Amino acid sequence: MRQVTLRLMPLIAGWAVLCSPIGSVHAAPPTEAASCAACHGAFGEGLPAENYPRLAGLPAQYIKAQLSYFADGTRKNAIMAGMAKPLSPAQITILADYYASLPVTMPAPAASVAPDFVARGQQLAEFGDWKAGIPACFRCHAAGGVGVPPYFPPIAGQSAKYLADQITAWQTGTRQGDPQGLMHSVASRMTAVDTQAVTAYLAALKPAAAVLGDTQPVLTGGVQ
Amino acid sequence: MNALIKPLFKRGITPLAYAVLLGASAPLLAADAAPAVTQPSVIPAMAALNAALLTGATFTPPDPASIPKDEFGQVVQLGRNIMFETKKYAPEYVGNSLSCVNCHTDGGAMAGSAPLWGAWVSYPAYRAKNKKVNTYEERLQGCFRFSMNGKAPPLGSEVLVALQAYSYWLARGLPVDEKVAGRGYPNVPEPALAPDFVRGKAVYEAQCAICHAANGEGRVVNGAVVFPPLWGAQSFNWGAGMGSIANAAKFIYANMPYGQSYSLTPQQAWDVAYYMDGQERPQDPRYEGSVAATRAKYHDNKNSLYGTTVNGVLLGDTGAPKSFKGNKS
């Protein structure tokens, strides 16, 4: 799993930063990130109240892909198209590596799940609704929605509206480029109520870093 | 996306309409193997809602939210928990990192994914695998020994009682009849070309590796399996049903890629099944002292690659099985 080990590097870097004494936590942002901070925060923490997503801890490869999709219209968003188009490939790499390396240190989100959404939201996240063809979100995005780098981004603790906008964007075709159409298949089967319930549930989860196990859990069975 | 096939993604398409479409557009899909996972590929036109679609199943098992809260319901719930998190709830019998749900979608509730309700109404039954009539409980024992590469829970043990209670609860209302629609994995049409390792590898890399990893070991996040291993030390052993290319092709055709049932062509399903079942995995616990003897006794058929040389490797040549001591609860 060489590929996975390499992907671990930013995470390890993230931990190292995280584990250093409070106050000296963050590496200095690259100059390229100056124009992003207004919306995504100085340390990629996002601005949930305005539905600007958190970038800290997103997989670098995922960030790169999304920036190129914004630039070429595969993912349609007027604001981000304007931000992404002028970026050179080198700048994209710097930005992606920077945000991917930032620790996911956000406090538990202020939002709480409306009681009528808890059961449905949790059901979709943990088990899906197979009668309607909706697989469990956490079987692709990992337990707790922490993501499985590099292809499956974290979905916990982003603003509910941002998450719901993405589901809608896949349904209407304004967001594409997801590998193998995997997320499109899921989104296209969700009703408006499903979307509301599951995004409310996910938004209230505390975001956390995905710790990759590049070796399997040790068990006693089997040969070798 | 093609306007004609778009409605397939919506709810409520009839199996008949789907089957017609499947036949009509299958040739379009023949050459869709993308070169690398990093390439975003087009949405598979044929992805069906779920595995049930081509089985003709009409039975709907009850909603798990309606499991009663009484003494019986608690045992039913334990059975369901074992299906979803097998190592957590039955640690002393599980020797790999799989859970039952990995091969029995929706914890054994989904038609076309060997649902427990279809099995419950079909036993006792004669099985060629051990040449005798097996009770349902004995059938469950086999899953632990082979699919879970562990050891069989004793008859009457808490684990087997819970799995039986859950199966019974799922199946209530269904007549006893082993021909119930939705049982097992649906048949996949015979491939035009004999299943092939090299073609299978191409399918694997384009459609499966993103989740199950290039080396087939799956992915683990925060200590928990997200994408289960398809081969290697933590997967099912050589005695498991999934080690048969025919079983694997059927399962894959109806259930994989995850969330995109019936999106592969039958040929792709057979090829990738061959590729998966042409890899090394834990020894058959019925090992007869040599690969040749074990093949002769248990694997002498075209659906098993055990004891044959694939891609330069004599499969199964890993010595005697390690005895399973059990995990601590």
# chains A, B, ... in the order shown; residues from 1 in each chain; ligands from 1
$ closest_atom_pairs --of "chain A" --to "chain B" --cutoff "6 Å" --atoms "only C-alpha atoms" --output "CSV"
residue,atom,partner,partner_atom,distance
A:Gly133,CA,B:Leu49,CA,4.3
A:Pro135,CA,B:Gly259,CA,5.8
A:Arg139,CA,B:Val226,CA,5.9
A:Ala142,CA,B:Val226,CA,5.8
A:Gly177,CA,B:Pro40,CA,5.4
A:Asp178,CA,B:Pro40,CA,6.0
A:Pro179,CA,B:Pro40,CA,4.4
A:Gln180,CA,B:Ser41,CA,5.0
A:Gly181,CA,B:Ile43,CA,4.3
A:Ser188,CA,B:Phe9,CA,6.0
A:Arg189,CA,B:Lys10,CA,5.7
A:Val211,CA,B:Asn222,CA,4.9
A:Leu212,CA,B:Val221,CA,4.7
A:Gly213,CA,B:Val220,CA,4.9
A:Gly221,CA,B:Gly95,CA,4.1
A:Gly222,CA,B:Pro282,CA,5.2
A:Val223,CA,B:Pro282,CA,4.7
$ write_last_selection --atoms "C-alpha atoms" --output "compact mmCIF listing (two decimals), in the first residue's frame"
# COMPACT_ATOMS: atom_id res chain seq x y z
CA GLY A 133 -31.25 2.09 -3.59
CA PRO A 135 -26.32 2.80 0.27
CA ARG A 139 -19.70 2.66 4.02
CA ALA A 142 -16.09 5.88 6.76
CA GLY A 177 -16.52 14.56 -12.14
CA ASP A 178 -17.01 12.22 -9.16
CA PRO A 179 -15.05 9.03 -9.78
CA GLN A 180 -17.10 6.28 -11.48
CA GLY A 181 -20.22 8.38 -10.95
CA SER A 188 -29.97 10.70 -7.70
CA ARG A 189 -31.97 8.37 -5.45
CA VAL A 211 -6.40 7.85 10.62
CA LEU A 212 -5.47 5.40 7.92
CA GLY A 213 -4.63 1.83 8.79
CA GLY A 221 -6.79 -16.48 12.14
CA GLY A 222 -5.77 -17.51 8.69
CA VAL A 223 -2.62 -18.46 6.89
$ residues_around --residues "Pro48 (chain A)" --least-positions-apart "4" --cutoff "10 Å" --atoms "only C-alpha atoms" --output "PyMOL selection string"
chain A and resi 39-40+52-54+109-111+157-162+203
$ atom_distance --atom1 "CA of Arg139 (chain B)" --atom2 "CA of Pro186 (chain B)"
19.6 Å
$ closest_residue --among "A:Leu205, A:Val148, A:Ala200, A:Ala143" --to "Leu163 (chain A)" --atoms "only C-alpha atoms"
A:Ala200
$ select_by_dssp --residues "region 163-195 of chain A" --states "helix (DSSP H, G or I)" --output "list in words"
Leu163, Ala164, Asp165, Gln166, Ile167, Thr168, Ala169, Trp170, Gln171, Thr172, Pro179, Gln180, Gly181, Leu182, Met183, His184, Ser185, Val186, Ala187, Ala192, Val193, Asp194 and Thr195 of chain A
$ write_last_selection --atoms "N, CA and C atoms" --output "PDB file, in the first residue's frame"
ATOM      1  N   LEU A 163     -23.686  20.886   2.355  1.00  0.00           N
ATOM      2  CA  LEU A 163     -23.811  19.461   2.007  1.00  0.00           C
ATOM      3  C   LEU A 163     -25.042  19.229   1.129  1.00  0.00           C
ATOM      4  N   ALA A 164     -26.155  19.841   1.525  1.00  0.00           N
ATOM      5  CA  ALA A 164     -27.395  19.646   0.761  1.00  0.00           C
ATOM      6  C   ALA A 164     -27.261  20.231  -0.640  1.00  0.00           C
ATOM      7  N   ASP A 165     -26.587  21.374  -0.754  1.00  0.00           N
ATOM      8  CA  ASP A 165     -26.374  21.971  -2.082  1.00  0.00           C
ATOM      9  C   ASP A 165     -25.618  21.002  -2.995  1.00  0.00           C
ATOM     10  N   GLN A 166     -24.677  20.232  -2.428  1.00  0.00           N
ATOM     11  CA  GLN A 166     -23.901  19.308  -3.251  1.00  0.00           C
ATOM     12  C   GLN A 166     -24.788  18.169  -3.764  1.00  0.00           C
ATOM     13  N   ILE A 167     -25.634  17.640  -2.883  1.00  0.00           N
ATOM     14  CA  ILE A 167     -26.553  16.557  -3.304  1.00  0.00           C
ATOM     15  C   ILE A 167     -27.421  17.076  -4.457  1.00  0.00           C
ATOM     16  N   THR A 168     -27.980  18.285  -4.253  1.00  0.00           N
ATOM     17  CA  THR A 168     -28.824  18.870  -5.292  1.00  0.00           C
ATOM     18  C   THR A 168     -28.037  19.094  -6.573  1.00  0.00           C
ATOM     19  N   ALA A 169     -26.780  19.518  -6.438  1.00  0.00           N
ATOM     20  CA  ALA A 169     -25.964  19.788  -7.627  1.00  0.00           C
ATOM     21  C   ALA A 169     -25.743  18.507  -8.440  1.00  0.00           C
ATOM     22  N   TRP A 170     -25.571  17.366  -7.762  1.00  0.00           N
ATOM     23  CA  TRP A 170     -25.442  16.113  -8.513  1.00  0.00           C
ATOM     24  C   TRP A 170     -26.752  15.744  -9.186  1.00  0.00           C
ATOM     25  N   GLN A 171     -27.860  16.015  -8.464  1.00  0.00           N
ATOM     26  CA  GLN A 171     -29.162  15.678  -9.051  1.00  0.00           C
ATOM     27  C   GLN A 171     -29.429  16.494 -10.304  1.00  0.00           C
ATOM     28  N   THR A 172     -29.056  17.775 -10.278  1.00  0.00           N
ATOM     29  CA  THR A 172     -29.365  18.631 -11.421  1.00  0.00           C
ATOM     30  C   THR A 172     -28.241  18.639 -12.452  1.00  0.00           C
ATOM     31  N   PRO A 179     -15.568  10.252  -9.180  1.00  0.00           N
ATOM     32  CA  PRO A 179     -15.051   9.027  -9.785  1.00  0.00           C
ATOM     33  C   PRO A 179     -16.133   7.959  -9.945  1.00  0.00           C
ATOM     34  N   GLN A 180     -16.165   7.350 -11.131  1.00  0.00           N
ATOM     35  CA  GLN A 180     -17.095   6.280 -11.479  1.00  0.00           C
ATOM     36  C   GLN A 180     -18.562   6.667 -11.278  1.00  0.00           C
ATOM     37  N   GLY A 181     -18.833   7.952 -11.170  1.00  0.00           N
ATOM     38  CA  GLY A 181     -20.217   8.376 -10.954  1.00  0.00           C
ATOM     39  C   GLY A 181     -20.786   7.861  -9.645  1.00  0.00           C
ATOM     40  N   LEU A 182     -19.910   7.548  -8.680  1.00  0.00           N
ATOM     41  CA  LEU A 182     -20.363   6.892  -7.449  1.00  0.00           C
ATOM     42  C   LEU A 182     -21.313   7.766  -6.643  1.00  0.00           C
ATOM     43  N   MET A 183     -20.919   9.024  -6.453  1.00  0.00           N
ATOM     44  CA  MET A 183     -21.756   9.899  -5.625  1.00  0.00           C
ATOM     45  C   MET A 183     -23.009  10.315  -6.392  1.00  0.00           C
ATOM     46  N   HIS A 184     -22.892  10.403  -7.702  1.00  0.00           N
ATOM     47  CA  HIS A 184     -24.068  10.720  -8.502  1.00  0.00           C
ATOM     48  C   HIS A 184     -25.141   9.646  -8.338  1.00  0.00           C
ATOM     49  N   SER A 185     -24.728   8.381  -8.371  1.00  0.00           N
ATOM     50  CA  SER A 185     -25.701   7.295  -8.199  1.00  0.00           C
ATOM     51  C   SER A 185     -26.458   7.449  -6.882  1.00  0.00           C
ATOM     52  N   VAL A 186     -25.727   7.775  -5.826  1.00  0.00           N
ATOM     53  CA  VAL A 186     -26.359   7.904  -4.508  1.00  0.00           C
ATOM     54  C   VAL A 186     -27.314   9.094  -4.501  1.00  0.00           C
ATOM     55  N   ALA A 187     -26.810  10.249  -4.925  1.00  0.00           N
ATOM     56  CA  ALA A 187     -27.592  11.485  -4.841  1.00  0.00           C
ATOM     57  C   ALA A 187     -28.883  11.382  -5.649  1.00  0.00           C
ATOM     58  N   ALA A 192     -35.962  15.079  -1.365  1.00  0.00           N
ATOM     59  CA  ALA A 192     -35.618  16.321  -0.677  1.00  0.00           C
ATOM     60  C   ALA A 192     -35.593  16.098   0.836  1.00  0.00           C
ATOM     61  N   VAL A 193     -36.522  15.304   1.335  1.00  0.00           N
ATOM     62  CA  VAL A 193     -36.570  15.040   2.780  1.00  0.00           C
ATOM     63  C   VAL A 193     -35.345  14.242   3.230  1.00  0.00           C
ATOM     64  N   ASP A 194     -34.967  13.230   2.429  1.00  0.00           N
ATOM     65  CA  ASP A 194     -33.755  12.459   2.746  1.00  0.00           C
ATOM     66  C   ASP A 194     -32.554  13.398   2.858  1.00  0.00           C
ATOM     67  N   THR A 195     -32.440  14.287   1.874  1.00  0.00           N
ATOM     68  CA  THR A 195     -31.298  15.193   1.818  1.00  0.00           C
ATOM     69  C   THR A 195     -31.256  16.080   3.053  1.00  0.00           C
TER      70      THR A 195
END
$ atom_distance --atom1 "CA of Asp63 (chain B)" --atom2 "CA of Phe146 (chain B)"
29.6 Å
$ residues_around --residues "region 158-168 of chain B" --least-positions-apart "4" --cutoff "12 Å" --atoms "only C-alpha atoms" --output "ChimeraX atom specification"
/B:61-62,64,67-68,71-84,86-94,100,107-109,114-123,135-144,152-154,172-176
$ atom_distance --atom1 "CA of Leu202 (chain A)" --atom2 "CA of Ile155 (chain A)"
6.7 Å
$ select_by_dssp --residues "region 74-320 of chain B" --states "strand (DSSP E)" --output "list of chain:residue names"
B:Ala125, B:Tyr126, B:Arg127, B:Lys132, B:Val133, B:Asn134, B:Arg219, B:Val220, B:Val221, B:Ala224, B:Val225, B:Val226, B:Phe227, B:Thr309, B:Val310, B:Val313, B:Leu314
$ write_last_selection --atoms "all heavy atoms" --output "short mmCIF file (atom, residue, chain, number, x, y, z; two decimals), in the first residue's frame"
data_model
loop_
_atom_site.label_atom_id
_atom_site.label_comp_id
_atom_site.auth_asym_id
_atom_site.auth_seq_id
_atom_site.Cartn_x
_atom_site.Cartn_y
_atom_site.Cartn_z
N ALA B 125 -31.72 -28.82 4.11
CA ALA B 125 -31.50 -29.09 2.69
C ALA B 125 -30.25 -29.94 2.51
O ALA B 125 -29.31 -29.85 3.30
CB ALA B 125 -31.35 -27.77 1.93
N TYR B 126 -30.25 -30.73 1.45
CA TYR B 126 -29.07 -31.51 1.11
C TYR B 126 -28.04 -30.58 0.49
O TYR B 126 -28.37 -29.74 -0.35
CB TYR B 126 -29.42 -32.62 0.11
CG TYR B 126 -28.20 -33.43 -0.30
CD1 TYR B 126 -27.72 -34.44 0.52
CD2 TYR B 126 -27.53 -33.15 -1.50
CE1 TYR B 126 -26.59 -35.17 0.18
CE2 TYR B 126 -26.39 -33.87 -1.85
CZ TYR B 126 -25.92 -34.87 -1.01
OH TYR B 126 -24.80 -35.58 -1.36
N ARG B 127 -26.77 -30.68 0.90
CA ARG B 127 -25.72 -29.86 0.31
C ARG B 127 -24.61 -30.77 -0.22
O ARG B 127 -24.07 -31.60 0.52
CB ARG B 127 -25.12 -28.88 1.32
CG ARG B 127 -26.12 -27.83 1.80
CD ARG B 127 -25.41 -26.74 2.60
NE ARG B 127 -24.66 -25.85 1.71
CZ ARG B 127 -23.52 -25.26 2.06
NH1 ARG B 127 -22.99 -25.50 3.24
NH2 ARG B 127 -22.91 -24.45 1.22
N LYS B 132 -24.60 -34.18 2.82
CA LYS B 132 -25.63 -34.61 3.77
C LYS B 132 -26.70 -33.53 3.89
O LYS B 132 -26.52 -32.41 3.37
CB LYS B 132 -25.01 -34.90 5.14
CG LYS B 132 -24.37 -33.70 5.81
CD LYS B 132 -23.96 -34.02 7.25
CE LYS B 132 -23.49 -32.76 7.96
NZ LYS B 132 -24.00 -32.53 9.27
N VAL B 133 -27.78 -33.87 4.55
CA VAL B 133 -28.82 -32.88 4.80
C VAL B 133 -28.37 -31.99 5.95
O VAL B 133 -28.00 -32.48 7.02
CB VAL B 133 -30.17 -33.55 5.11
CG1 VAL B 133 -31.19 -32.51 5.58
CG2 VAL B 133 -30.69 -34.28 3.88
N ASN B 134 -28.34 -30.67 5.68
CA ASN B 134 -27.89 -29.70 6.68
C ASN B 134 -29.08 -28.96 7.27
O ASN B 134 -29.99 -28.56 6.54
CB ASN B 134 -27.00 -28.63 6.04
CG ASN B 134 -25.66 -29.17 5.58
OD1 ASN B 134 -24.62 -28.54 5.77
ND2 ASN B 134 -25.66 -30.33 4.95
N ARG B 219 -9.62 -1.17 2.65
CA ARG B 219 -9.16 0.03 3.36
C ARG B 219 -9.65 0.01 4.80
O ARG B 219 -10.79 -0.37 5.08
CB ARG B 219 -9.69 1.30 2.65
CG ARG B 219 -9.25 1.45 1.20
CD ARG B 219 -7.76 1.71 1.03
NE ARG B 219 -7.29 2.87 1.77
CZ ARG B 219 -7.34 4.12 1.32
NH1 ARG B 219 -7.86 4.40 0.13
NH2 ARG B 219 -6.89 5.12 2.06
N VAL B 220 -8.77 0.47 5.69
CA VAL B 220 -9.09 0.55 7.11
C VAL B 220 -8.92 1.99 7.57
O VAL B 220 -7.89 2.61 7.29
CB VAL B 220 -8.15 -0.37 7.92
CG1 VAL B 220 -8.35 -0.17 9.42
CG2 VAL B 220 -8.38 -1.83 7.54
N VAL B 221 -9.93 2.56 8.20
CA VAL B 221 -9.86 3.92 8.71
C VAL B 221 -10.24 3.91 10.19
O VAL B 221 -11.24 3.30 10.58
CB VAL B 221 -10.82 4.85 7.94
CG1 VAL B 221 -10.93 6.21 8.63
CG2 VAL B 221 -10.34 5.04 6.50
N ALA B 224 -11.22 0.68 11.78
CA ALA B 224 -12.38 -0.09 11.32
C ALA B 224 -12.30 -0.32 9.82
O ALA B 224 -11.85 0.55 9.08
CB ALA B 224 -13.67 0.65 11.67
N VAL B 225 -12.74 -1.49 9.37
CA VAL B 225 -12.75 -1.78 7.94
C VAL B 225 -13.82 -0.93 7.27
O VAL B 225 -14.97 -0.94 7.69
CB VAL B 225 -13.07 -3.27 7.70
CG1 VAL B 225 -13.25 -3.55 6.21
CG2 VAL B 225 -11.97 -4.14 8.28
N VAL B 226 -13.42 -0.18 6.24
CA VAL B 226 -14.43 0.53 5.45
C VAL B 226 -14.71 -0.29 4.19
O VAL B 226 -15.84 -0.68 3.92
CB VAL B 226 -13.96 1.95 5.04
CG1 VAL B 226 -15.10 2.70 4.36
CG2 VAL B 226 -13.47 2.71 6.24
N PHE B 227 -13.68 -0.57 3.41
CA PHE B 227 -13.83 -1.40 2.22
C PHE B 227 -13.17 -2.75 2.51
O PHE B 227 -11.97 -2.82 2.78
CB PHE B 227 -13.20 -0.70 1.02
CG PHE B 227 -13.78 0.66 0.77
CD1 PHE B 227 -12.97 1.79 0.71
CD2 PHE B 227 -15.15 0.83 0.61
CE1 PHE B 227 -13.51 3.06 0.50
CE2 PHE B 227 -15.70 2.09 0.40
CZ PHE B 227 -14.88 3.21 0.34
N THR B 309 -2.33 -23.15 -11.48
CA THR B 309 -1.35 -22.08 -11.56
C THR B 309 -1.95 -20.90 -12.32
O THR B 309 -2.35 -21.03 -13.47
CB THR B 309 -0.06 -22.56 -12.24
OG1 THR B 309 0.46 -23.64 -11.45
CG2 THR B 309 0.98 -21.45 -12.31
N VAL B 310 -2.06 -19.77 -11.64
CA VAL B 310 -2.63 -18.56 -12.24
C VAL B 310 -1.60 -17.45 -12.13
O VAL B 310 -1.09 -17.21 -11.02
CB VAL B 310 -3.93 -18.15 -11.52
CG1 VAL B 310 -4.45 -16.81 -12.04
CG2 VAL B 310 -5.01 -19.21 -11.68
N VAL B 313 1.48 -18.36 -10.20
CA VAL B 313 1.41 -18.78 -8.80
C VAL B 313 0.57 -20.05 -8.68
O VAL B 313 -0.55 -20.10 -9.22
CB VAL B 313 0.77 -17.67 -7.92
CG1 VAL B 313 0.67 -18.11 -6.47
CG2 VAL B 313 1.57 -16.38 -8.02
N LEU B 314 1.08 -21.06 -7.99
CA LEU B 314 0.28 -22.25 -7.69
C LEU B 314 -0.61 -21.90 -6.50
O LEU B 314 -0.16 -21.80 -5.36
CB LEU B 314 1.17 -23.45 -7.37
CG LEU B 314 0.41 -24.72 -6.91
CD1 LEU B 314 -0.57 -25.22 -7.98
CD2 LEU B 314 1.40 -25.82 -6.51
#
$ closest_residue --among "A:Met83, A:Ala156, A:Leu102, A:Ala210" --to "Ala125 (chain A)" --atoms "only C-alpha atoms"
A:Ala156
$ residues_around --residues "Gln66 (chain A)" --least-positions-apart "3" --cutoff "10 Å" --atoms "only C-alpha atoms" --output "MDAnalysis selection string"
chainID A and resid 60:63 69:72 74:75 80 84 96 175:178
$ write_last_selection --atoms "all heavy atoms" --output "tab-separated table (two decimals), in the first residue's frame"
chain	number	residue	atom	x	y	z
A	60	ALA	N	-5.50	16.14	-0.44
A	60	ALA	CA	-4.89	17.05	-1.41
A	60	ALA	C	-5.37	16.74	-2.83
A	60	ALA	O	-5.72	17.65	-3.61
A	60	ALA	CB	-3.37	16.96	-1.33
A	61	GLN	N	-5.40	15.46	-3.15
A	61	GLN	CA	-5.80	15.07	-4.50
A	61	GLN	C	-7.25	15.49	-4.80
A	61	GLN	O	-7.59	15.91	-5.89
A	61	GLN	CB	-5.67	13.55	-4.63
A	61	GLN	CG	-5.96	13.03	-6.01
A	61	GLN	CD	-5.64	11.55	-6.08
A	61	GLN	OE1	-4.71	11.07	-5.41
A	61	GLN	NE2	-6.40	10.81	-6.86
A	62	TYR	N	-8.10	15.39	-3.76
A	62	TYR	CA	-9.50	15.79	-3.91
A	62	TYR	C	-9.58	17.31	-4.14
A	62	TYR	O	-10.30	17.78	-5.03
A	62	TYR	CB	-10.29	15.37	-2.67
A	62	TYR	CG	-11.70	15.93	-2.63
A	62	TYR	CD1	-12.73	15.32	-3.35
A	62	TYR	CD2	-12.01	17.07	-1.88
A	62	TYR	CE1	-14.03	15.84	-3.33
A	62	TYR	CE2	-13.28	17.60	-1.86
A	62	TYR	CZ	-14.29	16.98	-2.58
A	62	TYR	OH	-15.56	17.49	-2.56
A	63	ILE	N	-8.82	18.09	-3.37
A	63	ILE	CA	-8.84	19.55	-3.53
A	63	ILE	C	-8.39	19.92	-4.95
A	63	ILE	O	-9.02	20.75	-5.63
A	63	ILE	CB	-7.93	20.24	-2.49
A	63	ILE	CG1	-8.46	19.97	-1.08
A	63	ILE	CG2	-7.82	21.75	-2.77
A	63	ILE	CD1	-7.60	20.57	0.03
A	69	TYR	N	-12.09	21.19	-11.59
A	69	TYR	CA	-13.51	21.11	-12.01
A	69	TYR	C	-14.17	22.49	-11.98
A	69	TYR	O	-14.99	22.81	-12.85
A	69	TYR	CB	-14.30	20.16	-11.12
A	69	TYR	CG	-13.88	18.71	-11.19
A	69	TYR	CD1	-14.18	17.84	-10.15
A	69	TYR	CD2	-13.18	18.20	-12.28
A	69	TYR	CE1	-13.81	16.50	-10.19
A	69	TYR	CE2	-12.80	16.88	-12.32
A	69	TYR	CZ	-13.11	16.03	-11.28
A	69	TYR	OH	-12.74	14.71	-11.32
A	70	PHE	N	-13.88	23.28	-10.93
A	70	PHE	CA	-14.45	24.64	-10.88
A	70	PHE	C	-13.96	25.43	-12.09
A	70	PHE	O	-14.72	26.16	-12.72
A	70	PHE	CB	-14.01	25.37	-9.60
A	70	PHE	CG	-14.71	24.94	-8.34
A	70	PHE	CD1	-14.00	24.56	-7.21
A	70	PHE	CD2	-16.11	24.94	-8.27
A	70	PHE	CE1	-14.64	24.19	-6.04
A	70	PHE	CE2	-16.77	24.57	-7.10
A	70	PHE	CZ	-16.03	24.18	-5.98
A	71	ALA	N	-12.68	25.28	-12.42
A	71	ALA	CA	-12.10	26.08	-13.51
A	71	ALA	C	-12.70	25.68	-14.86
A	71	ALA	O	-12.98	26.55	-15.70
A	71	ALA	CB	-10.58	25.92	-13.53
A	72	ASP	N	-12.93	24.40	-15.08
A	72	ASP	CA	-13.41	24.00	-16.42
A	72	ASP	C	-14.93	23.79	-16.48
A	72	ASP	O	-15.46	23.35	-17.50
A	72	ASP	CB	-12.66	22.77	-16.93
A	72	ASP	CG	-13.00	21.48	-16.18
A	72	ASP	OD1	-14.01	21.46	-15.44
A	72	ASP	OD2	-12.27	20.49	-16.34
A	74	THR	N	-16.83	21.65	-14.89
A	74	THR	CA	-17.37	20.34	-14.52
A	74	THR	C	-18.19	20.47	-13.23
A	74	THR	O	-19.20	19.81	-13.04
A	74	THR	CB	-16.21	19.34	-14.30
A	74	THR	OG1	-15.43	19.30	-15.49
A	74	THR	CG2	-16.70	17.95	-13.98
A	75	ARG	N	-17.70	21.34	-12.34
A	75	ARG	CA	-18.46	21.71	-11.14
A	75	ARG	C	-18.77	23.18	-11.24
A	75	ARG	O	-17.86	24.01	-11.24
A	75	ARG	CB	-17.62	21.39	-9.90
A	75	ARG	CG	-18.31	21.73	-8.59
A	75	ARG	CD	-17.51	21.21	-7.39
A	75	ARG	NE	-18.13	21.67	-6.15
A	75	ARG	CZ	-17.65	21.44	-4.93
A	75	ARG	NH1	-16.53	20.72	-4.80
A	75	ARG	NH2	-18.26	21.88	-3.85
A	80	MET	N	-16.43	30.22	-7.15
A	80	MET	CA	-15.22	29.40	-7.19
A	80	MET	C	-14.61	29.31	-8.59
A	80	MET	O	-13.40	29.14	-8.73
A	80	MET	CB	-15.48	28.00	-6.62
A	80	MET	CG	-15.37	27.92	-5.11
A	80	MET	SD	-13.84	28.64	-4.44
A	80	MET	CE	-12.62	27.61	-5.21
A	84	ALA	N	-10.75	29.88	-9.13
A	84	ALA	CA	-9.91	28.76	-9.59
A	84	ALA	C	-9.26	29.02	-10.93
A	84	ALA	O	-8.14	28.57	-11.18
A	84	ALA	CB	-10.74	27.48	-9.64
A	96	ALA	N	-3.41	22.93	-2.40
A	96	ALA	CA	-3.97	21.62	-2.03
A	96	ALA	C	-3.16	21.00	-0.89
A	96	ALA	O	-3.72	20.51	0.09
A	96	ALA	CB	-4.00	20.70	-3.24
A	175	ARG	N	-22.92	19.53	-10.68
A	175	ARG	CA	-21.66	19.01	-10.15
A	175	ARG	C	-21.42	17.63	-10.76
A	175	ARG	O	-22.27	16.74	-10.65
A	175	ARG	CB	-21.68	18.91	-8.63
A	175	ARG	CG	-20.34	18.40	-8.08
A	175	ARG	CD	-20.18	18.54	-6.58
A	175	ARG	NE	-18.89	17.94	-6.20
A	175	ARG	CZ	-18.41	17.89	-4.98
A	175	ARG	NH1	-19.10	18.42	-3.98
A	175	ARG	NH2	-17.24	17.32	-4.73
A	176	GLN	N	-20.28	17.47	-11.40
A	176	GLN	CA	-19.91	16.19	-11.99
A	176	GLN	C	-18.45	15.90	-11.69
A	176	GLN	O	-17.82	16.62	-10.94
A	176	GLN	CB	-20.14	16.22	-13.51
A	176	GLN	CG	-21.62	16.32	-13.85
A	176	GLN	CD	-21.88	16.45	-15.34
A	176	GLN	OE1	-21.00	16.19	-16.15
A	176	GLN	NE2	-23.08	16.86	-15.70
A	177	GLY	N	-17.93	14.86	-12.30
A	177	GLY	CA	-16.52	14.56	-12.14
A	177	GLY	C	-16.22	13.61	-11.00
A	177	GLY	O	-15.07	13.25	-10.78
A	178	ASP	N	-17.27	13.18	-10.24
A	178	ASP	CA	-17.01	12.22	-9.16
A	178	ASP	C	-16.57	10.89	-9.76
A	178	ASP	O	-17.11	10.46	-10.77
A	178	ASP	CB	-18.27	12.03	-8.29
A	178	ASP	CG	-19.51	11.71	-9.10
A	178	ASP	OD1	-19.67	12.27	-10.21
A	178	ASP	OD2	-20.32	10.88	-8.65
$ closest_residue --among "B:Pro228, B:Gly307, B:Gly241, B:Pro195" --to "Tyr275 (chain B)" --atoms "only C-alpha atoms"
B:Pro195
$ residues_around --residues "region 26-35 of chain A" --least-positions-apart "5" --cutoff "10 Å" --atoms "only C-alpha atoms" --output "PyMOL selection string"
chain A and resi 14+17-18+20+40-44+83+87+91-92+94-96+98-99+101-103
